[in-house]
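Participant: Okay, so here is coords24.txt, and as you'll see once you scroll down, it has compact mmCIF, C-alpha atoms.
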# COMPACT_ATOMS: atom_id res chain seq x y z
CA MET A 1 67.37 105.13 71.93
CA PRO A 2 70.58 103.43 70.84
CA GLY A 3 73.56 105.73 70.96
CA ASN A 4 71.98 108.09 73.49
CA SER A 5 72.92 108.27 77.17
CA VAL A 6 70.22 109.21 79.66
CA VAL A 7 71.28 110.10 83.21
CA ASP A 8 68.62 111.11 85.75
CA GLY A 9 69.24 113.55 88.58
CA ARG A 10 69.92 110.88 91.21
CA THR A 11 72.41 109.05 89.01
CA ARG A 12 74.11 112.33 88.14
CA ALA A 13 74.49 113.13 91.84
CA VAL A 14 76.01 109.71 92.54
CA LEU A 15 78.44 110.11 89.64
CA SER A 16 79.36 113.60 90.82
CA THR A 17 80.08 112.30 94.32
CA PHE A 18 82.17 109.48 92.88
CA VAL A 19 84.27 111.91 90.83
CA GLU A 20 84.72 114.27 93.77
CA ASN A 21 85.77 111.39 96.03
CA ARG A 22 88.46 110.11 93.73
CA SER A 23 91.90 110.30 95.28
CA PRO A 24 94.62 112.20 93.40
CA ILE A 25 96.86 109.71 91.56
CA LEU A 26 100.33 109.92 90.03
CA ARG A 27 102.11 107.11 88.14
CA PHE A 28 105.81 107.15 87.27
CA ALA A 29 108.76 104.98 86.18
CA ILE A 30 112.01 105.13 84.23
CA THR A 31 112.41 104.28 80.55
CA SER A 32 115.59 103.38 78.67
CA ASP A 33 116.37 102.00 75.19
CA GLY A 34 112.68 101.58 74.34
CA LYS A 35 111.84 99.63 77.51
CA ARG A 36 110.43 100.74 80.82
CA ALA A 37 110.39 99.71 84.44
CA ALA A 38 107.20 98.76 86.26
CA TYR A 39 105.47 101.98 87.19
CA TRP A 40 104.68 103.04 90.73
CA ARG A 41 101.19 104.33 91.49
CA LEU A 42 100.97 107.04 94.17
CA ARG A 43 97.60 107.90 95.68
CA ALA A 44 96.75 110.34 98.46
CA GLY A 45 94.16 109.65 101.14
CA LEU A 46 90.80 111.40 100.96
CA LYS A 47 90.40 112.37 104.62
CA GLN A 48 93.80 111.90 106.27
CA PRO A 49 97.31 113.00 105.19
CA GLU A 50 98.41 109.58 104.03
CA LEU A 51 99.96 108.03 100.94
CA PHE A 52 99.29 104.72 99.21
CA LEU A 53 102.00 103.27 96.96
CA GLU A 54 101.66 100.29 94.64
CA ARG A 55 104.17 98.85 92.21
CA GLU A 56 102.70 97.59 88.94
CA GLY A 57 102.05 93.85 88.88
CA TYR A 58 102.64 91.28 86.17
CA GLY A 59 99.84 91.02 83.61
CA LYS A 60 96.93 88.92 84.86
CA GLU A 61 98.72 88.00 88.05
CA GLY A 62 97.09 90.87 89.88
CA SER A 63 98.52 93.72 91.84
CA GLY A 64 102.13 94.25 92.65
CA LYS A 65 103.69 95.41 95.90
CA LYS A 66 101.49 97.68 98.03
CA PHE A 67 102.59 100.06 100.79
CA HIS A 68 100.56 102.35 103.05
CA PHE A 69 102.15 105.41 104.65
CA SER A 70 100.44 107.26 107.52
CA LEU A 71 101.92 110.73 107.94
CA HIS A 72 100.52 111.74 111.32
CA ALA A 73 100.63 115.37 112.38
CA SER A 74 102.18 114.23 115.67
CA GLY A 75 105.40 113.57 113.75
CA GLN A 76 105.24 109.79 114.23
CA TRP A 77 104.96 108.15 110.83
CA TYR A 78 104.05 104.57 109.96
CA MET A 79 104.42 102.26 106.98
CA ARG A 80 103.00 98.82 106.42
CA GLU A 81 103.12 96.48 103.44
CA GLY A 82 99.80 95.39 102.02
CA ARG A 83 97.07 94.86 104.60
CA ARG A 84 99.29 93.25 107.20
CA ARG A 85 99.69 94.93 110.58
CA GLN A 86 102.64 92.71 111.43
CA GLY A 87 105.99 94.16 110.54
CA ARG A 88 104.68 97.72 110.55
CA ILE A 89 107.54 100.22 110.48
CA SER A 90 107.41 103.33 112.65
CA TRP A 91 109.78 106.29 112.53
CA ALA A 92 109.94 109.94 113.52
CA ARG A 93 109.28 112.47 110.80
CA PRO A 94 112.68 113.46 109.34
CA GLY A 95 113.81 117.07 109.38
CA GLU A 96 113.24 119.25 106.35
CA ALA A 97 115.70 118.53 103.53
CA VAL A 98 115.30 122.14 102.42
CA PRO A 99 112.95 124.75 103.92
CA GLY A 100 109.37 123.60 103.42
CA TYR A 101 110.18 120.10 102.13
CA THR A 102 110.46 116.81 104.05
CA ARG A 103 111.37 113.64 102.18
CA ALA A 104 109.07 110.80 103.24
CA VAL A 105 109.94 108.08 100.73
CA GLY A 106 112.53 107.39 98.06
CA ILE A 107 111.73 104.88 95.29
CA VAL A 108 114.90 103.68 93.56
CA GLN A 109 114.90 102.18 90.06
CA PRO A 110 118.21 101.06 88.50
CA VAL A 111 118.36 100.96 84.69
CA THR A 112 118.43 97.15 84.83
CA THR A 113 114.79 97.16 85.98
CA ALA A 114 113.65 98.67 82.64
CA VAL A 115 112.64 95.36 81.06
CA ARG A 116 109.00 95.86 80.05
CA GLU A 117 107.96 96.52 76.45
CA ASP A 118 104.20 96.83 77.01
CA PRO A 119 102.69 100.31 77.25
CA PRO A 120 102.02 101.62 80.75
CA ALA A 121 98.71 102.88 82.07
CA GLU A 122 97.50 106.19 80.68
CA GLU A 123 99.07 109.36 82.06
CA THR A 124 102.11 107.51 83.43
CA VAL A 125 105.12 109.84 83.63
CA LEU A 126 108.13 108.07 82.11
CA VAL A 127 111.53 109.57 82.94
CA PRO A 128 114.07 108.78 80.17
CA VAL A 129 117.55 107.72 81.33
CA PRO A 130 120.61 106.55 79.35
CA ALA A 131 121.67 102.92 79.55
CA ASP A 132 124.72 103.78 81.66
CA ALA A 133 122.90 106.09 84.07
CA ASN A 134 123.04 105.82 87.83
CA PRO A 135 119.89 104.52 89.54
CA THR A 136 116.99 106.96 89.55
CA THR A 137 115.60 107.96 92.93
CA PHE A 138 112.02 109.21 92.90
CA SER A 139 111.86 111.30 96.08
CA LEU A 140 108.42 111.90 97.58
CA PHE A 141 108.61 115.22 99.43
CA ILE A 142 105.92 116.44 101.79
CA GLU A 143 105.53 120.07 100.81
CA ARG A 144 104.12 122.20 103.60
CA PRO A 145 101.48 124.77 102.66
CA GLY A 146 103.00 127.88 101.11
CA ALA A 147 106.35 126.26 100.33
CA ASN A 148 105.76 126.00 96.59
CA LEU A 149 106.73 129.37 95.15
CA ASP A 150 107.03 129.82 91.39
CA ASN A 151 106.63 126.07 90.78
CA SER A 152 109.81 125.22 92.67
CA TRP A 153 111.03 121.89 94.01
CA PRO A 154 114.11 120.62 95.91
CA GLY A 155 117.20 120.78 93.73
CA LYS A 156 115.48 122.56 90.85
CA ASN A 157 118.37 124.92 90.20
CA ALA A 158 121.35 122.84 91.31
CA ASP A 159 121.08 119.08 91.15
CA GLY A 160 119.67 118.39 87.68
CA THR A 161 116.42 117.06 89.11
CA THR A 162 113.19 116.44 87.20
CA LEU A 163 109.77 117.34 88.58
CA VAL A 164 107.51 114.33 88.04
CA GLY A 165 104.39 115.89 89.53
CA ARG A 166 102.60 116.82 92.73
CA ILE A 167 99.31 115.86 94.34
CA PRO A 168 97.41 117.53 97.20
CA LEU A 169 97.23 115.97 100.67
CA ALA A 170 94.05 115.85 102.74
CA ALA A 171 93.36 117.96 105.83
CA ASP A 172 95.24 120.98 104.43
CA ALA A 173 98.54 119.18 105.06
CA GLY A 174 100.15 120.57 101.92
CA THR A 175 101.11 118.55 98.87
CA CYS A 176 103.28 115.59 97.91
CA CYS A 177 105.93 116.58 95.38
CA VAL A 178 107.69 113.81 93.40
CA VAL A 179 111.20 114.59 92.12
CA ALA A 180 113.52 112.31 90.08
CA LEU A 181 117.30 112.35 90.27
CA GLN A 182 120.00 109.97 88.98
CA GLN A 183 122.53 109.24 91.70
CA PRO A 184 124.71 106.32 92.86
CA LEU A 185 123.08 103.77 95.14
CA GLN A 186 125.04 103.72 98.36
CA PRO A 187 126.18 100.24 99.48
CA GLY A 188 124.46 98.84 102.52
CA GLN A 189 123.13 95.74 104.18
CA VAL A 190 119.62 94.35 104.21
CA ASP A 191 118.06 91.47 106.12
CA ILE A 192 115.21 89.78 104.26
CA ALA A 193 112.93 87.19 105.80
CA ARG A 194 112.70 83.90 103.92
CA PRO A 195 109.67 83.96 101.60
CA SER A 196 107.03 81.29 102.02
CA ASP A 197 107.07 78.29 99.68
CA ASP A 198 104.10 79.74 97.81
CA GLU A 199 105.98 83.01 97.30
CA LEU A 200 109.07 81.12 96.16
CA ARG A 201 106.99 79.17 93.64
CA TRP A 202 105.53 82.43 92.34
CA MET A 203 109.03 83.91 92.02
CA ARG A 204 110.20 80.78 90.18
CA ASP A 205 107.27 80.99 87.74
CA VAL A 206 107.96 84.66 87.02
CA ALA A 207 111.71 84.04 86.61
CA ALA A 208 110.95 81.22 84.16
CA ARG A 209 109.17 83.71 81.85
CA GLY A 210 111.54 86.65 82.13
CA PRO A 211 113.46 88.92 84.49
CA LEU A 212 112.39 88.80 88.13
CA ILE A 213 112.00 92.24 89.75
CA THR A 214 111.59 92.55 93.49
CA THR A 215 111.37 95.44 95.95
CA ILE A 216 113.35 95.68 99.17
CA ILE A 217 112.92 98.16 102.01
CA GLY A 218 115.80 100.30 103.21
CA GLU A 219 116.56 103.73 104.62
CA LEU A 220 118.01 106.85 103.04
CA SER A 221 120.66 109.06 104.62
CA ASP A 222 118.08 111.61 105.85
CA GLY A 223 115.93 108.98 107.55
CA ALA A 224 113.39 108.57 104.76
CA ILE A 225 112.16 105.09 103.84
CA ALA A 226 113.66 103.64 100.64
CA LEU A 227 111.79 101.23 98.36
CA ILE A 228 114.43 99.78 96.05
CA ASP A 229 113.50 97.86 92.90
CA LEU A 230 116.09 95.23 92.05
CA ARG A 231 116.48 92.80 89.18
CA ALA A 232 117.45 89.30 90.22
CA ASP A 233 120.44 87.62 88.57
CA ASP A 234 119.60 85.16 85.80
CA SER A 235 120.89 82.33 87.99
CA VAL A 236 118.00 82.84 90.41
CA LEU A 237 115.81 80.36 88.52
CA ALA A 238 118.16 77.47 89.24
CA THR A 239 118.54 78.61 92.84
CA LEU A 240 114.79 78.76 93.41
CA GLY A 241 114.36 75.33 91.86
CA HIS A 242 116.98 73.92 94.22
CA VAL A 243 115.38 75.53 97.29
CA LEU A 244 111.96 74.11 96.40
CA GLU A 245 113.20 70.56 95.84
What does the file become when written as structure tokens?
Facilitator:
Amino acid sequence: MPGNSVVDGRTRAVLSTFVENRSPILRFAITSDGKRAAYWRLRAGLKQPELFLEREGYGKEGSGKKFHFSLHASGQWYMREGRRRQGRISWARPGEAVPGYTRAVGIVQPVTTAVREDPPAEETVLVPVPADANPTTFSLFIERPGANLDNSWPGKNADGTTLVGRIPLAADAGTCCVVALQQPLQPGQVDIARPSDDELRWMRDVAARGPLITTIIGELSDGAIALIDLRADDSVLATLGHVLE
């Protein structure tokens, strides 16, 4: 009958399995002066202690940047962008920042990246920051089992940090704890491969409609990988047009 929902036993079992097999998800970004940055979506693996990160894309243009982190128990960790095996980054698991907590990734969002006025996906954690704030680093800490006592997190009592959330890791590897902190972005150097012509055309099209946000890969002082969101200068549109001529 219209308005009624009938679910047989087999369908109910399939739905139950689907719900149970859903990976834990956490979304987060900064917000300032009524605008927000593109949110990052963090998902844990179902069977292995691994993390999947994806930066929100632009409207109907599909997904944004995707990164896969494999946190092997051997202590050798890997990161790759998207589905590509080429350019995979490997590094040794850093030491614990504080007892029980190892920082795996730091996602950095300067205030200038808060350019979106559309609402984010449901249950996105937005961290408010003033317009003159230092960049916000979202640190993803691997929290070994038993480390979380009384809902603690690194810097809770000293550094003015904000707990964004935590999600469990597979294989009893503990949890992933996300902590936000405003701090200066240390100067450094980065080498970026030239994008393909198709990528440059996409960047030009995005820049023609509004601010162009890109993500670069770096390293933090403790050896953790840094994913840094940056807003391109307004002159980038003319530069991209010249390159593509």
Participant: Do you have, as a Markdown table, the list of residues of segment 145-240 of chain A lying at most 7 Å from segment 96-109 of chain A, each with its nearest atom pair and that distance in Å to one decimal, counting all atoms listed in the file and ordered by chain then number?
Facilitator:
| residue | atom | partner | partner_atom | distance |
| --- | --- | --- | --- | --- |
| A:Ala147 | CA | A:Gly100 | CA | 5.1 |
| A:Pro154 | CA | A:Val98 | CA | 6.8 |
| A:Ala224 | CA | A:Ala104 | CA | 5.1 |
| A:Ile225 | CA | A:Val105 | CA | 4.9 |
| A:Ala226 | CA | A:Gly106 | CA | 4.7 |
| A:Leu227 | CA | A:Ile107 | CA | 4.8 |
| A:Ile228 | CA | A:Val108 | CA | 4.7 |
| A:Asp229 | CA | A:Gln109 | CA | 5.4 |
Participant: Between atom CA of Ile217 of chain A and atom CA of Lys156 of chain A, what distance in Å does the model show, to one decimal?
Facilitator: 27.0 Å
Participant: What's the separation between atom CA of Thr31 of chain A and atom CA of Gly165 of chain A, in Å to one decimal place?
Facilitator: 16.7 Å
Participant: Under the rule that only C-alpha atoms are counted, which of A:Pro94, A:Pro110, A:Gly75, A:Gly160 is the nearest residue to Ser32 of chain A?
Facilitator: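 The shortest atom-to-atom distance to Ser32 of chain A comes from A:Pro110.
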Participant: With distances taken over all atoms listed in the file, which of A:Gly223, A:Gly95, A:Pro168, A:Pro119 is nearest to Leu46 of chain A?
Facilitator: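 The closest residue to Leu46 of chain A is A:Pro168.
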Participant: Which neighbours of segment 232-245 of chain A fall inside 8 Å, counting all atoms listed in the file, when residues of the same chain fewer than 6 positions from it are skipped, and could you give them as a list in words?
Facilitator: Asp197, Leu200, Arg201, Met203, Arg204, Ala207, Ala208, Pro211, Leu212, Ile213 and Thr214 of chain A
Participant: What's the 12 Å shell around His72 of chain A, counting only C-alpha atoms, without same-chain residues fewer than 3 positions away, as a list in words?
Facilitator: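 Neighbouring residues, sequence-local ones excluded: Gln48, Pro49, Glu50, Leu51, Phe69, Gly75, Gln76, Trp77, Tyr78, Met79, Ser90, Trp91, Ala92, Arg93, Ala104, Ile142, Leu169, Ala170, Ala171 and Ala173 of chain A.
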Participant: What's the separation between atom CA of Val115 of chain A and atom CA of Pro128 of chain A, in Å to one decimal place?
Facilitator: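 Taking atom CA of Val115 of chain A as the start and atom CA of Pro128 of chain A as the end point, the length is 13.5 Å.
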Participant: If I put a ball of radius 8 Å at (104.9, 98.1, 100.7) in the file's coordinates, which residues poke into it when counting only C-alpha atoms, written as a list in words?
Facilitator: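 Protein, DNA and RNA residues close to (104.9, 98.1, 100.7): Leu53, Glu54, Lys65, Lys66, Phe67, His68, Met79, Arg80, Glu81, Gly82 and Leu227 of chain A.
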Participant: Keeping only C-alpha atoms, write the selected residues to a file as a PDB file, keeping the file's coordinate frame.
Facilitator:
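The result, written out as result_23.pdb:
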ATOM      1  CA  LEU A  53     102.000 103.270  96.960  1.00  0.00           C
ATOM      2  CA  GLU A  54     101.660 100.290  94.640  1.00  0.00           C
ATOM      3  CA  LYS A  65     103.690  95.410  95.900  1.00  0.00           C
ATOM      4  CA  LYS A  66     101.490  97.680  98.030  1.00  0.00           C
ATOM      5  CA  PHE A  67     102.590 100.060 100.790  1.00  0.00           C
ATOM      6  CA  HIS A  68     100.560 102.350 103.050  1.00  0.00           C
ATOM      7  CA  MET A  79     104.420 102.260 106.980  1.00  0.00           C
ATOM      8  CA  ARG A  80     103.000  98.820 106.420  1.00  0.00           C
ATOM      9  CA  GLU A  81     103.120  96.480 103.440  1.00  0.00           C
ATOM     10  CA  GLY A  82      99.800  95.390 102.020  1.00  0.00           C
ATOM     11  CA  LEU A 227     111.790 101.230  98.360  1.00  0.00           C
TER      12      LEU A 227
END
Participant: Return the single residue from A:Val179, A:Leu42, A:Val125, A:Leu185 that is closest to Glu219 of chain A, with distances computed using only C-alpha atoms.
Facilitator: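 Of A:Val179, A:Leu42, A:Val125, A:Leu185, the one nearest Glu219 of chain A, counting only C-alpha atoms, is A:Leu185.
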Participant: Of the residues A:Ser23, A:Thr215, A:Arg194, A:Thr161, which is the one nearest to Trp40 of chain A, using all atoms listed in the file?
Facilitator: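 Checking each candidate against Trp40 of chain A, we get A:Thr215 as the closest.
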